[in-house]
>>> print(open('work-v4.txt').read())   # compact mmCIF, C-alpha atoms
# COMPACT_ATOMS: atom_id res chain seq x y z
CA MET Y 1 -35.39 12.52 3.06
CA SER Y 2 -36.22 15.33 5.43
CA GLN Y 3 -33.67 16.97 7.71
CA LYS Y 4 -35.34 15.42 10.77
CA ASN Y 5 -35.13 11.90 9.33
CA THR Y 6 -31.51 12.40 8.33
CA LYS Y 7 -30.55 13.40 11.87
CA LEU Y 8 -32.50 10.48 13.33
CA VAL Y 9 -30.85 7.95 11.01
CA THR Y 10 -27.42 9.45 11.76
CA TRP Y 11 -28.09 9.25 15.50
CA PHE Y 12 -29.17 5.59 15.29
CA PHE Y 13 -26.15 4.75 13.14
CA GLU Y 14 -23.79 6.31 15.69
CA LEU Y 15 -25.60 4.55 18.53
CA LEU Y 16 -25.20 1.23 16.72
CA GLY Y 17 -21.49 1.91 16.19
CA VAL Y 18 -20.92 2.73 19.86
CA GLY Y 19 -22.87 -0.35 20.91
CA LEU Y 20 -20.83 -2.61 18.66
CA LEU Y 21 -17.59 -1.07 19.92
CA LEU Y 22 -18.63 -1.67 23.52
CA TYR Y 23 -19.61 -5.27 22.74
CA ALA Y 24 -16.29 -5.93 20.98
CA ALA Y 25 -14.39 -4.34 23.87
CA SER Y 26 -16.19 -6.51 26.43
CA ARG Y 27 -15.46 -9.70 24.46
CA THR Y 28 -11.82 -8.71 24.00
CA LEU Y 29 -11.46 -7.89 27.69
CA ASP Y 30 -12.97 -11.24 28.64
CA PHE Y 31 -10.56 -13.09 26.35
CA VAL Y 32 -7.49 -11.18 27.52
CA GLN Y 33 -8.36 -11.61 31.19
CA MET Y 34 -8.75 -15.37 30.68
CA THR Y 35 -5.23 -15.58 29.29
CA ILE Y 36 -3.36 -13.59 31.94
CA PRO Y 37 -2.68 -14.55 35.58
CA THR Y 38 -5.38 -13.79 38.15
CA ASP Y 39 -3.25 -11.31 40.10
CA LYS Y 40 -2.75 -9.10 37.00
CA GLN Y 41 -6.32 -8.64 35.79
CA TYR Y 42 -5.78 -4.88 35.39
CA MET Y 43 -3.54 -5.70 32.42
CA GLY Y 44 -6.68 -6.45 30.38
CA TYR Y 45 -7.80 -2.84 30.70
CA LEU Y 46 -4.32 -1.64 29.78
CA TYR Y 47 -4.50 -3.82 26.68
CA LEU Y 48 -7.84 -2.26 25.70
CA LEU Y 49 -6.43 1.21 26.25
CA SER Y 50 -3.42 0.58 24.07
CA THR Y 51 -5.25 -1.18 21.22
CA GLY Y 52 -8.91 -0.24 21.00
CA ILE Y 53 -8.83 3.30 22.29
CA GLY Y 54 -5.52 3.89 20.55
CA ALA Y 55 -7.12 2.94 17.23
CA LEU Y 56 -9.95 5.40 17.86
CA ILE Y 57 -7.45 8.14 18.68
CA TRP Y 58 -5.57 7.49 15.44
CA LEU Y 59 -8.86 7.56 13.53
CA GLY Y 60 -9.62 10.96 15.04
CA VAL Y 61 -6.17 12.25 14.14
CA TYR Y 62 -6.58 10.95 10.59
CA LEU Y 63 -10.01 12.50 10.12
CA LYS Y 64 -9.46 15.83 11.89
CA LYS Y 65 -5.77 16.74 11.89
CA ALA Y 66 -4.25 15.24 8.72
CA LYS Y 67 -4.09 17.77 5.92
CA GLY Y 68 -3.31 16.83 2.33
CA SER Y 69 -2.67 13.48 0.71
CA THR Y 70 0.90 13.16 2.03
CA GLN Y 71 -0.22 13.21 5.67
CA ARG Y 72 -3.13 10.89 5.03
>>> encode(input="work-v4.txt", output="structure tokens")
Amino acid sequence: MSQKNTKLVTWFFELLGVGLLLYAASRTLDFVQMTIPTDKQYMGYLYLLSTGIGALIWLGVYLKKAKGSTQR
């Protein structure tokens, strides 16, 4: 596979991943906002911040900052 095709496939794969994450986040937000009182709808976004984005932050720490098998 040529270098150009490899970059294109990688770009589409990352685009698919971001799209699926956004879809999952929207469905989760919809579910959470249905279960909490109407006057506290902002809590749904706080939930997404603490779970979904927190998981992505930990993934980044695992992939970029952890060194050696004991930290991983």
>>> closest_residue(input="work-v4.txt", among="Y:Lys40, Y:Ile57, Y:Ser2, Y:Gly52", to="Tyr23 of chain Y", atoms="all atoms listed in the file")
Y:Gly52
>>> axis_aligned_box(input="work-v4.txt", around="segment 51-66 of chain Y", padding_each_side="3 Å", output="lines of an AutoDock Vina configuration file")
center_x = -7.1
center_y = 7.8
center_z = 15.5
size_x = 11.8
size_y = 23.9
size_z = 19.6
>>> closest_residue(input="work-v4.txt", among="Y:Ile53, Y:Tyr62, Y:Asp39, Y:Ser69", to="Ala25 of chain Y", atoms="all atoms listed in the file")
Y:Ile53
>>> atom_distance(input="work-v4.txt", atom1="atom CA of Gln41 of chain Y", atom2="atom CA of Leu29 of chain Y")
9.6 Å
>>> closest_residue(input="work-v4.txt", among="Y:Gly44, Y:Gly54, Y:Gly68, Y:Gly60", to="Thr28 of chain Y", atoms="only C-alpha atoms")
Y:Gly44
>>> build_atoms(input="work-v4.txt", residues="segment 9-36 of chain Y", atoms="N, CA and C atoms", output="short mmCIF file (atom, residue, chain, number, x, y, z; two decimals), in the frame of the given file")
data_model
loop_
_atom_site.label_atom_id
_atom_site.label_comp_id
_atom_site.auth_asym_id
_atom_site.auth_seq_id
_atom_site.Cartn_x
_atom_site.Cartn_y
_atom_site.Cartn_z
N VAL Y 9 -31.60 9.09 11.56
CA VAL Y 9 -30.85 7.95 11.01
C VAL Y 9 -29.38 8.05 11.41
N THR Y 10 -28.82 9.25 11.35
CA THR Y 10 -27.42 9.45 11.76
C THR Y 10 -27.24 9.11 13.23
N TRP Y 11 -28.17 9.53 14.06
CA TRP Y 11 -28.09 9.25 15.50
C TRP Y 11 -28.16 7.75 15.77
N PHE Y 12 -29.07 7.03 15.09
CA PHE Y 12 -29.17 5.59 15.29
C PHE Y 12 -27.93 4.86 14.77
N PHE Y 13 -27.37 5.35 13.68
CA PHE Y 13 -26.15 4.75 13.14
C PHE Y 13 -24.99 4.90 14.12
N GLU Y 14 -24.85 6.08 14.70
CA GLU Y 14 -23.79 6.31 15.69
C GLU Y 14 -24.02 5.49 16.95
N LEU Y 15 -25.27 5.37 17.36
CA LEU Y 15 -25.60 4.55 18.53
C LEU Y 15 -25.25 3.08 18.28
N LEU Y 16 -25.55 2.60 17.09
CA LEU Y 16 -25.20 1.23 16.72
C LEU Y 16 -23.69 1.03 16.74
N GLY Y 17 -22.95 2.00 16.20
CA GLY Y 17 -21.49 1.91 16.19
C GLY Y 17 -20.91 1.87 17.59
N VAL Y 18 -21.40 2.72 18.47
CA VAL Y 18 -20.92 2.73 19.86
C VAL Y 18 -21.28 1.41 20.55
N GLY Y 19 -22.47 0.92 20.31
CA GLY Y 19 -22.87 -0.35 20.91
C GLY Y 19 -22.00 -1.50 20.46
N LEU Y 20 -21.69 -1.54 19.18
CA LEU Y 20 -20.83 -2.61 18.66
C LEU Y 20 -19.40 -2.49 19.19
N LEU Y 21 -18.92 -1.26 19.33
CA LEU Y 21 -17.59 -1.07 19.92
C LEU Y 21 -17.54 -1.54 21.37
N LEU Y 22 -18.58 -1.23 22.12
CA LEU Y 22 -18.63 -1.67 23.52
C LEU Y 22 -18.72 -3.19 23.62
N TYR Y 23 -19.50 -3.81 22.74
CA TYR Y 23 -19.61 -5.27 22.74
C TYR Y 23 -18.26 -5.90 22.40
N ALA Y 24 -17.60 -5.39 21.36
CA ALA Y 24 -16.29 -5.93 20.98
C ALA Y 24 -15.28 -5.74 22.09
N ALA Y 25 -15.32 -4.59 22.77
CA ALA Y 25 -14.39 -4.34 23.87
C ALA Y 25 -14.64 -5.31 25.03
N SER Y 26 -15.90 -5.58 25.32
CA SER Y 26 -16.19 -6.51 26.43
C SER Y 26 -15.73 -7.92 26.10
N ARG Y 27 -15.91 -8.36 24.85
CA ARG Y 27 -15.46 -9.70 24.46
C ARG Y 27 -13.94 -9.78 24.47
N THR Y 28 -13.27 -8.73 24.00
CA THR Y 28 -11.82 -8.71 24.00
C THR Y 28 -11.28 -8.73 25.42
N LEU Y 29 -11.89 -7.92 26.29
CA LEU Y 29 -11.46 -7.89 27.69
C LEU Y 29 -11.63 -9.24 28.34
N ASP Y 30 -12.74 -9.91 28.08
CA ASP Y 30 -12.97 -11.24 28.64
C ASP Y 30 -11.90 -12.22 28.17
N PHE Y 31 -11.59 -12.19 26.89
CA PHE Y 31 -10.56 -13.09 26.35
C PHE Y 31 -9.19 -12.81 26.95
N VAL Y 32 -8.82 -11.54 27.01
CA VAL Y 32 -7.49 -11.18 27.52
C VAL Y 32 -7.38 -11.54 29.00
N GLN Y 33 -8.43 -11.29 29.77
CA GLN Y 33 -8.36 -11.61 31.19
C GLN Y 33 -8.34 -13.11 31.46
N MET Y 34 -8.85 -13.91 30.53
CA MET Y 34 -8.75 -15.37 30.68
C MET Y 34 -7.33 -15.86 30.43
N THR Y 35 -6.56 -15.11 29.67
CA THR Y 35 -5.23 -15.58 29.29
C THR Y 35 -4.12 -15.07 30.19
N ILE Y 36 -4.40 -14.13 31.06
CA ILE Y 36 -3.36 -13.59 31.94
C ILE Y 36 -3.58 -14.09 33.37
#
